[in-house]
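Raw final-v7.cif, mmCIF, C-alpha atoms:
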```cif
data_entry
loop_
_atom_site.label_atom_id
_atom_site.label_comp_id
_atom_site.auth_asym_id
_atom_site.auth_seq_id
_atom_site.Cartn_x
_atom_site.Cartn_y
_atom_site.Cartn_z
CA MET A 290 -1.89 -28.25 12.65
CA GLU A 291 1.89 -28.42 12.40
CA ASN A 292 3.94 -25.83 14.27
CA GLY A 293 0.84 -24.31 15.78
CA GLU A 294 -0.56 -23.14 12.42
CA ILE A 295 -4.25 -22.27 12.20
CA PRO A 296 -6.09 -25.02 10.26
CA GLU A 297 -7.86 -24.11 7.02
CA ASN A 298 -11.25 -25.27 8.33
CA ALA A 299 -11.07 -23.02 11.40
CA PRO A 300 -13.72 -20.32 11.99
CA GLU A 301 -12.98 -16.78 10.85
CA HIS A 302 -11.99 -15.42 14.28
CA CYS A 303 -9.99 -18.43 15.42
CA PRO A 304 -7.67 -17.39 18.31
CA GLY A 305 -5.06 -19.88 17.13
CA PRO A 306 -4.05 -23.24 18.61
CA GLN A 307 -1.26 -21.65 20.67
CA SER A 308 -3.60 -19.18 22.37
CA GLU A 309 -4.57 -19.69 26.03
CA THR A 310 -8.21 -19.48 24.89
CA ALA A 311 -7.76 -22.12 22.16
CA GLY A 312 -10.79 -24.41 22.15
CA LYS A 313 -12.44 -22.32 24.86
CA SER A 314 -13.42 -18.97 23.28
CA ASP A 315 -16.83 -18.24 21.75
CA ALA A 316 -15.28 -18.39 18.28
CA CYS A 317 -14.33 -22.03 18.90
CA GLN A 318 -17.91 -23.23 19.28
CA GLY A 319 -18.76 -25.72 16.56
CA CYS A 320 -15.20 -25.91 15.20
CA PRO A 321 -14.16 -29.50 14.34
CA ASN A 322 -10.75 -28.82 15.93
CA GLN A 323 -12.13 -27.54 19.25
CA GLU A 324 -11.19 -30.53 21.39
CA ILE A 325 -7.74 -30.88 19.82
CA CYS A 326 -6.95 -27.20 20.43
CA ALA A 327 -8.25 -27.26 23.99
CA THR A 328 -6.00 -30.18 24.95
CA ALA A 329 -2.94 -29.44 22.81
CA PRO A 330 0.24 -28.25 24.58
CA LYS A 331 0.80 -24.48 24.39
CA GLY A 332 4.08 -22.73 23.72
CA PRO A 333 5.83 -20.14 21.57
CA ASP A 334 5.29 -20.40 17.81
CA PRO A 335 8.51 -21.84 16.33
CA ASP A 336 7.75 -20.07 13.04
CA LEU A 337 8.37 -16.73 14.75
CA VAL A 338 11.99 -17.78 15.17
CA ALA A 339 12.25 -18.49 11.42
CA ILE A 340 10.65 -15.12 10.65
CA ALA A 341 13.07 -13.34 12.98
CA GLU A 342 15.98 -14.98 11.17
CA ARG A 343 14.68 -13.81 7.78
CA MET A 344 14.02 -10.29 9.04
CA ALA A 345 17.46 -9.99 10.68
CA THR A 346 18.82 -8.70 7.35
CA VAL A 347 16.10 -6.03 6.98
CA LYS A 348 16.94 -2.64 8.50
CA HIS A 349 13.59 -0.86 8.27
CA LYS A 350 10.01 -2.15 8.01
CA ILE A 351 7.21 0.21 7.01
CA LEU A 352 3.50 -0.70 6.84
CA VAL A 353 1.25 1.19 4.41
CA LEU A 354 -2.35 1.20 5.65
CA SER A 355 -5.70 2.74 4.81
CA GLY A 356 -9.11 2.85 6.44
CA LYS A 357 -10.96 2.48 3.15
CA GLY A 358 -10.26 0.90 -0.20
CA GLY A 359 -9.84 3.04 -3.31
CA VAL A 360 -7.87 5.85 -1.66
CA GLY A 361 -4.63 5.15 -3.55
CA LYS A 362 -2.81 3.15 -0.86
CA SER A 363 -1.22 0.68 -3.27
CA THR A 364 -0.27 3.50 -5.64
CA PHE A 365 1.52 5.17 -2.74
CA SER A 366 3.21 1.90 -1.73
CA ALA A 367 4.44 1.35 -5.29
CA GLN A 368 5.75 4.90 -5.70
CA LEU A 369 7.35 4.79 -2.23
CA ALA A 370 9.23 1.64 -3.29
CA PHE A 371 10.26 3.23 -6.60
CA ALA A 372 11.46 6.38 -4.81
CA LEU A 373 13.50 4.51 -2.19
CA ALA A 374 15.10 2.35 -4.89
CA ALA A 375 15.98 5.49 -6.87
CA MET A 376 17.82 6.73 -3.75
CA ASP A 377 20.04 3.62 -4.05
CA PHE A 378 18.44 1.80 -1.12
CA GLN A 379 17.89 -1.95 -1.28
CA VAL A 380 14.09 -2.25 -1.24
CA GLY A 381 11.54 -5.05 -0.88
CA LEU A 382 7.80 -4.57 -1.45
CA LEU A 383 5.54 -7.18 0.18
CA ASP A 384 1.90 -7.25 -0.94
CA ILE A 385 -0.32 -8.80 1.77
CA ASP A 386 -3.58 -7.68 0.17
CA ILE A 387 -4.43 -11.33 -0.48
CA CYS A 388 -7.86 -10.79 -2.07
CA GLY A 389 -6.94 -7.70 -4.12
CA PRO A 390 -3.27 -7.91 -5.15
CA SER A 391 -2.68 -4.87 -7.39
CA ILE A 392 1.05 -4.44 -6.71
CA PRO A 393 2.24 -6.67 -9.61
CA LYS A 394 0.45 -4.43 -12.12
CA MET A 395 1.61 -1.21 -10.48
CA LEU A 396 5.22 -2.40 -10.66
CA GLY A 397 4.90 -3.63 -14.26
CA LEU A 398 5.30 -7.29 -13.23
CA GLU A 399 2.08 -8.91 -14.45
CA GLY A 400 2.58 -12.47 -15.64
CA GLN A 401 5.74 -13.04 -13.59
CA GLU A 402 6.17 -16.12 -11.41
CA ILE A 403 7.87 -16.92 -8.11
CA HIS A 404 10.98 -19.10 -8.24
CA GLN A 405 12.14 -21.35 -5.41
CA SER A 406 15.65 -22.39 -4.48
CA ASN A 407 17.38 -24.05 -1.56
CA ILE A 408 17.45 -20.69 0.27
CA GLY A 409 13.73 -19.94 -0.16
CA TRP A 410 11.34 -18.11 -2.44
CA SER A 411 12.95 -15.48 -4.66
CA PRO A 412 11.20 -12.11 -5.03
CA VAL A 413 10.37 -10.87 -8.53
CA TYR A 414 12.71 -7.99 -9.34
CA VAL A 415 11.87 -4.70 -11.06
CA GLU A 416 15.47 -3.53 -10.71
CA SER A 417 18.44 -5.16 -9.02
CA ASN A 418 17.61 -3.22 -5.83
CA LEU A 419 13.80 -3.51 -5.91
CA GLY A 420 12.18 -6.91 -5.29
CA VAL A 421 8.46 -7.68 -5.00
CA MET A 422 6.41 -10.52 -3.50
CA SER A 423 2.66 -10.95 -3.97
CA ILE A 424 0.01 -13.66 -4.22
CA GLY A 425 -0.61 -12.13 -7.64
CA PHE A 426 2.44 -14.06 -8.88
CA MET A 427 0.88 -17.33 -7.70
CA LEU A 428 -2.49 -17.12 -9.45
CA PRO A 429 -2.85 -19.18 -12.65
CA ASN A 430 -5.40 -16.66 -13.93
CA PRO A 431 -5.27 -12.96 -12.98
CA ASP A 432 -9.09 -12.83 -13.04
CA GLU A 433 -9.39 -15.65 -10.52
CA ALA A 434 -10.94 -14.64 -7.19
CA VAL A 435 -9.12 -15.51 -3.97
CA ILE A 436 -11.92 -16.71 -1.69
CA TRP A 437 -10.11 -17.46 1.55
CA ARG A 438 -11.08 -17.18 5.20
CA GLY A 439 -8.83 -15.39 7.66
CA PRO A 440 -6.78 -18.40 8.85
CA ARG A 441 -5.66 -19.31 5.33
CA LYS A 442 -4.74 -15.70 4.51
CA ASN A 443 -2.78 -15.45 7.74
CA GLY A 444 -0.98 -18.68 6.86
CA LEU A 445 0.19 -17.27 3.53
CA ILE A 446 1.41 -14.05 5.18
CA LYS A 447 3.42 -16.13 7.63
CA GLN A 448 4.79 -18.18 4.73
CA PHE A 449 5.84 -15.01 2.87
CA LEU A 450 7.71 -13.79 5.95
CA LYS A 451 9.53 -17.03 6.70
CA GLU A 452 10.12 -18.36 3.17
CA VAL A 453 11.01 -15.32 1.02
CA TYR A 454 14.73 -14.68 0.78
CA TRP A 455 15.17 -10.91 0.46
CA GLY A 456 18.86 -10.78 1.26
CA GLU A 457 20.18 -7.53 2.72
CA LEU A 458 17.42 -4.89 2.65
CA ASP A 459 17.37 -1.27 3.72
CA PHE A 460 13.57 -1.17 3.53
CA LEU A 461 10.72 -3.65 3.48
CA VAL A 462 7.51 -1.85 2.49
CA VAL A 463 4.36 -3.84 3.36
CA ASP A 464 1.23 -2.98 1.38
CA ALA A 465 -1.72 -4.09 3.55
CA PRO A 466 -5.41 -4.38 2.61
CA PRO A 467 -7.79 -1.66 3.79
CA GLY A 468 -9.30 -1.83 7.26
CA THR A 469 -8.16 -3.45 10.50
CA SER A 470 -8.75 -7.14 9.92
CA ASP A 471 -6.93 -10.45 10.35
CA GLU A 472 -4.10 -9.55 7.95
CA HIS A 473 -3.21 -6.46 9.97
CA ILE A 474 -3.22 -8.31 13.28
CA SER A 475 -1.09 -11.08 11.77
CA ILE A 476 1.56 -8.86 10.17
CA VAL A 477 1.99 -6.93 13.42
CA GLN A 478 2.10 -10.13 15.48
CA PHE A 479 4.63 -11.79 13.16
CA LEU A 480 6.92 -8.75 12.86
CA GLN A 481 6.57 -7.17 16.30
CA ALA A 482 9.59 -8.93 17.79
CA THR A 483 11.76 -7.99 14.79
CA GLY A 484 10.92 -4.27 15.05
CA ILE A 485 8.45 -2.31 12.92
CA ASP A 486 9.52 1.26 12.18
CA GLY A 487 5.93 2.36 11.85
CA ALA A 488 2.95 2.83 9.55
CA VAL A 489 2.02 5.37 6.91
CA ILE A 490 -1.75 5.79 6.59
CA VAL A 491 -3.26 6.91 3.29
CA THR A 492 -6.61 8.69 3.05
CA THR A 493 -8.64 11.03 0.87
CA PRO A 494 -9.82 14.43 2.18
CA GLN A 495 -13.52 13.81 2.75
CA GLN A 496 -15.06 12.83 6.07
CA VAL A 497 -16.38 9.48 4.84
CA SER A 498 -12.75 8.37 4.45
CA LEU A 499 -11.37 10.12 7.54
CA ILE A 500 -13.90 8.38 9.79
CA ASP A 501 -12.25 5.05 9.00
CA VAL A 502 -8.74 6.48 9.14
CA ARG A 503 -9.37 7.43 12.76
CA LYS A 504 -10.03 3.74 13.41
CA GLU A 505 -6.75 2.89 11.66
CA VAL A 506 -4.86 5.31 13.90
CA SER A 507 -6.59 3.79 16.93
CA PHE A 508 -5.57 0.31 15.76
CA CYS A 509 -1.92 1.34 15.49
CA LYS A 510 -1.95 2.81 18.97
CA LYS A 511 -3.55 -0.32 20.45
CA VAL A 512 -1.02 -2.71 18.88
CA GLY A 513 1.98 -0.49 19.58
CA VAL A 514 2.84 0.51 16.00
CA GLU A 515 4.08 4.08 15.57
CA VAL A 516 2.12 6.20 13.10
CA LEU A 517 4.83 7.75 10.92
CA GLY A 518 2.23 10.01 9.42
CA VAL A 519 -0.90 10.40 7.34
CA VAL A 520 -0.91 11.17 3.61
CA GLU A 521 -3.89 12.97 2.10
CA ASN A 522 -4.15 11.52 -1.40
CA MET A 523 -6.33 12.84 -4.24
CA SER A 524 -6.17 16.24 -2.58
CA GLY A 525 -7.76 18.20 -5.41
CA LEU A 526 -7.36 17.68 -9.14
CA SER A 527 -4.11 19.22 -10.45
CA GLN A 528 -3.27 19.08 -14.14
CA PRO A 529 -1.50 21.31 -16.67
CA LEU A 530 -4.09 23.44 -18.43
CA SER A 531 -2.72 22.26 -21.76
CA GLU A 532 -3.84 18.69 -20.96
CA PHE A 533 -7.49 19.58 -20.32
CA LYS A 534 -10.33 18.92 -22.71
CA PHE A 535 -12.88 21.70 -23.14
CA THR A 536 -16.55 21.19 -23.98
CA ARG A 537 -19.66 23.29 -24.42
CA MET A 538 -23.18 22.16 -23.59
CA THR A 539 -25.51 22.38 -26.57
CA GLU A 540 -29.22 23.22 -26.45
CA THR A 541 -30.01 19.50 -26.70
CA GLY A 542 -27.90 18.71 -23.63
CA GLU A 543 -24.98 17.18 -25.52
CA GLN A 544 -21.35 18.09 -24.97
CA LYS A 545 -19.55 19.54 -27.96
CA ASP A 546 -15.76 19.26 -27.97
CA MET A 547 -14.21 22.75 -27.98
CA THR A 548 -10.65 21.72 -27.11
CA GLU A 549 -9.04 22.66 -30.43
CA TRP A 550 -10.76 26.06 -30.41
CA ALA A 551 -9.79 26.76 -26.77
CA MET A 552 -6.14 25.78 -27.29
CA SER A 553 -5.89 27.85 -30.47
CA TYR A 554 -7.42 30.85 -28.68
CA MET A 555 -4.95 30.60 -25.78
CA ARG A 556 -1.94 30.15 -28.06
CA GLU A 557 -2.88 33.28 -29.98
CA ASN A 558 -4.13 35.51 -27.17
CA ALA A 559 -2.66 34.25 -23.87
CA PRO A 560 0.17 31.73 -24.50
CA GLU A 561 1.43 32.09 -20.92
CA MET A 562 -1.74 30.32 -19.74
CA LEU A 563 -0.53 27.08 -21.31
CA ASN A 564 2.20 26.88 -18.64
CA LEU A 565 -0.30 27.00 -15.78
CA ILE A 566 -1.46 24.04 -13.69
CA ALA A 567 -5.21 24.11 -13.12
CA CYS A 568 -6.51 22.93 -9.72
CA SER A 569 -9.99 22.02 -8.55
CA GLU A 570 -11.37 20.53 -5.34
CA VAL A 571 -12.87 17.10 -6.05
CA PHE A 572 -13.87 16.09 -2.52
CA ASP A 573 -15.50 18.13 0.22
CA THR A 574 -12.74 19.52 2.47
CA SER A 575 -14.92 21.73 4.65
CA GLY A 576 -14.16 19.46 7.62
CA GLY A 577 -10.48 20.34 7.52
CA GLY A 578 -9.25 17.20 5.78
CA ALA A 579 -6.46 14.96 7.00
CA ALA A 580 -4.44 17.83 8.48
CA LYS A 581 -7.16 18.64 11.02
CA MET A 582 -7.69 14.97 11.85
CA CYS A 583 -3.95 14.55 12.52
CA ASN A 584 -3.98 17.57 14.79
CA ASP A 585 -6.99 16.18 16.68
CA MET A 586 -5.43 12.73 17.12
CA GLY A 587 -1.86 13.83 17.76
CA VAL A 588 -0.22 12.10 14.79
CA PRO A 589 2.06 13.60 12.10
CA PHE A 590 0.62 14.94 8.86
CA LEU A 591 3.03 14.12 6.04
CA GLY A 592 1.37 16.13 3.29
CA LYS A 593 -1.00 16.17 0.32
CA VAL A 594 -0.77 14.43 -3.04
CA PRO A 595 -3.03 15.89 -5.75
CA LEU A 596 -5.22 13.80 -8.01
CA ASP A 597 -2.92 13.77 -11.04
CA PRO A 598 -4.05 11.91 -14.19
CA GLN A 599 -0.40 11.37 -15.09
CA LEU A 600 0.21 9.58 -11.77
CA CYS A 601 -2.83 7.38 -12.46
CA LYS A 602 -1.35 6.60 -15.89
CA ALA A 603 2.04 5.75 -14.37
CA ALA A 604 0.34 3.31 -11.98
CA GLU A 605 -1.60 1.71 -14.83
CA GLU A 606 1.61 1.31 -16.85
CA GLY A 607 3.60 -0.02 -13.88
CA ARG A 608 6.30 2.65 -13.86
CA SER A 609 7.78 5.21 -11.52
CA CYS A 610 6.31 8.71 -11.54
CA PHE A 611 9.83 10.00 -10.82
CA SER A 612 11.44 8.62 -13.99
CA ASP A 613 10.32 11.49 -16.24
CA ASP A 614 8.75 14.95 -16.06
CA LYS A 615 5.18 13.89 -16.82
CA CYS A 616 3.85 13.88 -13.24
CA LEU A 617 4.36 17.61 -12.76
CA ALA A 618 1.80 17.92 -9.97
CA SER A 619 2.19 14.68 -8.03
CA ALA A 620 5.89 13.70 -8.20
CA PRO A 621 7.21 16.74 -6.25
CA ALA A 622 4.49 16.25 -3.60
CA LEU A 623 5.33 12.56 -3.18
CA LYS A 624 9.06 13.33 -3.03
CA MET A 625 8.57 15.84 -0.19
CA ILE A 626 6.35 13.41 1.73
CA ILE A 627 8.86 10.58 1.46
CA GLU A 628 11.78 12.82 2.47
CA LYS A 629 9.77 14.07 5.46
CA MET A 630 8.99 10.49 6.52
CA LEU A 631 12.67 9.50 6.32
CA ALA A 632 13.74 12.62 8.22
CA GLN A 633 11.41 11.65 11.08
CA LYS A 634 13.33 8.39 11.45
CA ASN A 635 16.70 10.16 11.02
CA ILE A 636 17.42 8.21 7.84
CA SER A 637 19.75 9.89 5.36
CA THR A 638 18.67 9.87 1.73
CA GLU A 639 22.25 9.71 0.56
CA ASN A 640 24.22 6.49 0.02
CA GLY A 641 21.75 4.08 1.59
CA ALA A 642 20.22 3.71 5.06
#
```

In structure tokens, what does this structure look like?
Amino acid sequence: MENGEIPENAPEHCPGPQSETAGKSDACQGCPNQEICATAPKGPDPDLVAIAERMATVKHKILVLSGKGGVGKSTFSAQLAFALAAMDFQVGLLDIDICGPSIPKMLGLEGQEIHQSNIGWSPVYVESNLGVMSIGFMLPNPDEAVIWRGPRKNGLIKQFLKEVYWGELDFLVVDAPPGTSDEHISIVQFLQATGIDGAVIVTTPQQVSLIDVRKEVSFCKKVGVEVLGVVENMSGLSQPLSEFKFTRMTETGEQKDMTEWAMSYMRENAPEMLNLIACSEVFDTSGGGAAKMCNDMGVPFLGKVPLDPQLCKAAEEGRSCFSDDKCLASAPALKMIIEKMLAQKNISTENGA
């Protein structure tokens, strides 16, 4: 237990050897380190000093959170990083979703490895002004499961913060796992003294997601992290009509492809329809969606991002949705959300932070 680190064989809710309740709390019962922790001298964690030194060159730190998995949080984190880099900011993207690291794929960096030097671990770079760090770069096999308890995950997060050499950064975007677990407590604890600008919370419109987002907002308020705003992702399917497939149900219950006929009919009889974007509600929004929840809880609502198949494709291919005109429905929505978030912090989008 060097430098007050939590041992790997500690129980899941270990308070940490530097805590006043070390060796004394209910979570300590049965732990092989209980007596050592109870009698060990207490004091400030020296690693926090090392973290503060690393973070001294980072101007802004933004957490991206979600109450549930599968709401598009990592997609938003990736596109936020792409967008900030395109504005000529120096950007770092830190993936602390230890058990489900999807950031390497969404940034087109699968198969890359971390390099070490005398100044620390080097991020993997997408562009000269966009670096990424993830446990995904450390796995010998991308299909290998990371089966770690909380203390070990927290130890890696601390190592990322104190060992990775980012250099001068305008933004460090932290992609966290869903929920309010050990990783969230750790990242806030480790970065609190260095200043966290706030958190963006990603949700989908239906109540089953918003229930958990309320808990996420509550978590931020309890630990003193400002909620920069909530993003409603997958807010209805939006897609150019020309990209749809059309089918007809036969008498036997099978679907017959009618796409070629439908496109030919529109080209001949209503060509202006091919320029339309078709929209459809996918999730139940009768409860008012994220906008109503934000109003109820007194936090900013940043906006809606539609469910855009082209955005999903961009994420799968590890590229920015802003680099071409394919994401007609989602790219403008994301751009407005990001600009609104920066405006709230009085950050100019021109010539860096």

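Note that atom CA of Glu452 of chain A and atom CA of Val338 of chain A are 12.2 Å apart.
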
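Distance check against Val497 of chain A using all atoms listed in the file: of A:Gly319, A:Pro393, A:Pro306, A:Gly578, the minimum falls on A:Gly578.
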
Residues proximal to (-5.0, -16.7, -7.9) were defined as those with any atom within 12 Å of that point in the file's coordinates, counting all atoms listed in the file. Which are they, as a PDB file with C-alpha atoms, in the coordinates of the input?
```
ATOM      1  CA  ILE A 387      -4.430 -11.330  -0.480  1.00  0.00           C
ATOM      2  CA  CYS A 388      -7.860 -10.790  -2.070  1.00  0.00           C
ATOM      3  CA  GLY A 389      -6.940  -7.700  -4.120  1.00  0.00           C
ATOM      4  CA  PRO A 390      -3.270  -7.910  -5.150  1.00  0.00           C
ATOM      5  CA  GLY A 400       2.580 -12.470 -15.640  1.00  0.00           C
ATOM      6  CA  GLU A 402       6.170 -16.120 -11.410  1.00  0.00           C
ATOM      7  CA  SER A 423       2.660 -10.950  -3.970  1.00  0.00           C
ATOM      8  CA  ILE A 424       0.010 -13.660  -4.220  1.00  0.00           C
ATOM      9  CA  GLY A 425      -0.610 -12.130  -7.640  1.00  0.00           C
ATOM     10  CA  PHE A 426       2.440 -14.060  -8.880  1.00  0.00           C
ATOM     11  CA  MET A 427       0.880 -17.330  -7.700  1.00  0.00           C
ATOM     12  CA  LEU A 428      -2.490 -17.120  -9.450  1.00  0.00           C
ATOM     13  CA  PRO A 429      -2.850 -19.180 -12.650  1.00  0.00           C
ATOM     14  CA  ASN A 430      -5.400 -16.660 -13.930  1.00  0.00           C
ATOM     15  CA  PRO A 431      -5.270 -12.960 -12.980  1.00  0.00           C
ATOM     16  CA  ASP A 432      -9.090 -12.830 -13.040  1.00  0.00           C
ATOM     17  CA  GLU A 433      -9.390 -15.650 -10.520  1.00  0.00           C
ATOM     18  CA  ALA A 434     -10.940 -14.640  -7.190  1.00  0.00           C
ATOM     19  CA  VAL A 435      -9.120 -15.510  -3.970  1.00  0.00           C
ATOM     20  CA  ILE A 436     -11.920 -16.710  -1.690  1.00  0.00           C
ATOM     21  CA  TRP A 437     -10.110 -17.460   1.550  1.00  0.00           C
TER      22      TRP A 437
END
```

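Using all atoms listed in the file, the shortest contact distance between Phe572 of chain A and any of A:Gly397, A:Leu499, A:Lys629, A:Gly542 is found at A:Leu499.
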
Report as a tab-separated table (two decimals) with C-alpha atoms, in the frame of the given file the full result of the PyMOL selection byres ((chain A and resi 340) around 12) when it is applied to this structure.
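Listing of expr-v6.tsv after writing:
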```tsv
chain	number	residue	atom	x	y	z
A	334	ASP	CA	5.29	-20.40	17.81
A	335	PRO	CA	8.51	-21.84	16.33
A	336	ASP	CA	7.75	-20.07	13.04
A	337	LEU	CA	8.37	-16.73	14.75
A	338	VAL	CA	11.99	-17.78	15.17
A	339	ALA	CA	12.25	-18.49	11.42
A	341	ALA	CA	13.07	-13.34	12.98
A	342	GLU	CA	15.98	-14.98	11.17
A	343	ARG	CA	14.68	-13.81	7.78
A	344	MET	CA	14.02	-10.29	9.04
A	345	ALA	CA	17.46	-9.99	10.68
A	346	THR	CA	18.82	-8.70	7.35
A	347	VAL	CA	16.10	-6.03	6.98
A	446	ILE	CA	1.41	-14.05	5.18
A	447	LYS	CA	3.42	-16.13	7.63
A	448	GLN	CA	4.79	-18.18	4.73
A	449	PHE	CA	5.84	-15.01	2.87
A	450	LEU	CA	7.71	-13.79	5.95
A	451	LYS	CA	9.53	-17.03	6.70
A	452	GLU	CA	10.12	-18.36	3.17
A	453	VAL	CA	11.01	-15.32	1.02
A	454	TYR	CA	14.73	-14.68	0.78
A	455	TRP	CA	15.17	-10.91	0.46
A	476	ILE	CA	1.56	-8.86	10.17
A	478	GLN	CA	2.10	-10.13	15.48
A	479	PHE	CA	4.63	-11.79	13.16
A	480	LEU	CA	6.92	-8.75	12.86
A	481	GLN	CA	6.57	-7.17	16.30
A	482	ALA	CA	9.59	-8.93	17.79
A	483	THR	CA	11.76	-7.99	14.79
A	484	GLY	CA	10.92	-4.27	15.05
```

One decimal place gives the atom CA of Asp501 of chain A-atom CA of Asp471 of chain A separation as 16.4 Å

Selection under test: the PyMOL selection byres ((chain A and resi 382) around 12); residues as a PyMOL selection string: chain A and resi 347+349-353+363+365-371+373-374+379-381+383-386+392-393+395-396+412-415+418-423+449-450+453+455+458-465

Mind listing whatever residues come within 9 Å of the point (-12.7, -0.4, 4.7)? Use all atoms listed in the file, file coordinates, and give them as a list in words.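 Within the cut-off we find Ser355, Gly356, Lys357, Gly358, Pro466, Pro467, Gly468, Thr469, Ser498 and Asp501 of chain A.
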
Since I can't run it myself right now, could you work out what the PyMOL selection byres ((chain A and resi 591) around 8) selects here and report it as a PyMOL selection string? chain A and resi 518-520+589-590+592-593+626+629-630

I'd like the neighbourhood of Asp546 of chain A as a PyMOL selection string, where a residue qualifies if any of its atoms comes within 8 Å (using only C-alpha atoms), though same-chain residues fewer than 4 positions away should be ignored. chain A and resi 534-537

What does the structure give for the distance between atom CA of Lys362 of chain A and atom CA of Ala604 of chain A, in Å to one decimal?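 So the two atoms, atom CA of Lys362 of chain A and atom CA of Ala604 of chain A, lie 11.6 Å apart.
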
Contact residues around Asp614 of chain A with all atoms listed in the file at 12 Å, ignoring same-chain residues under 6 positions, as a ChimeraX atom specification: /A:599-600,603,620-621

Please, what is the axis-aligned box for every listed atom of segment 310-317 of chain A with 4 Å on each side, as centre and edge lengths in Å to one decimal, as JSON?
```
{"center_x": -12.3, "center_y": -21.3, "center_z": 21.6, "size_x": 17.1, "size_y": 14.2, "size_z": 14.6}
```
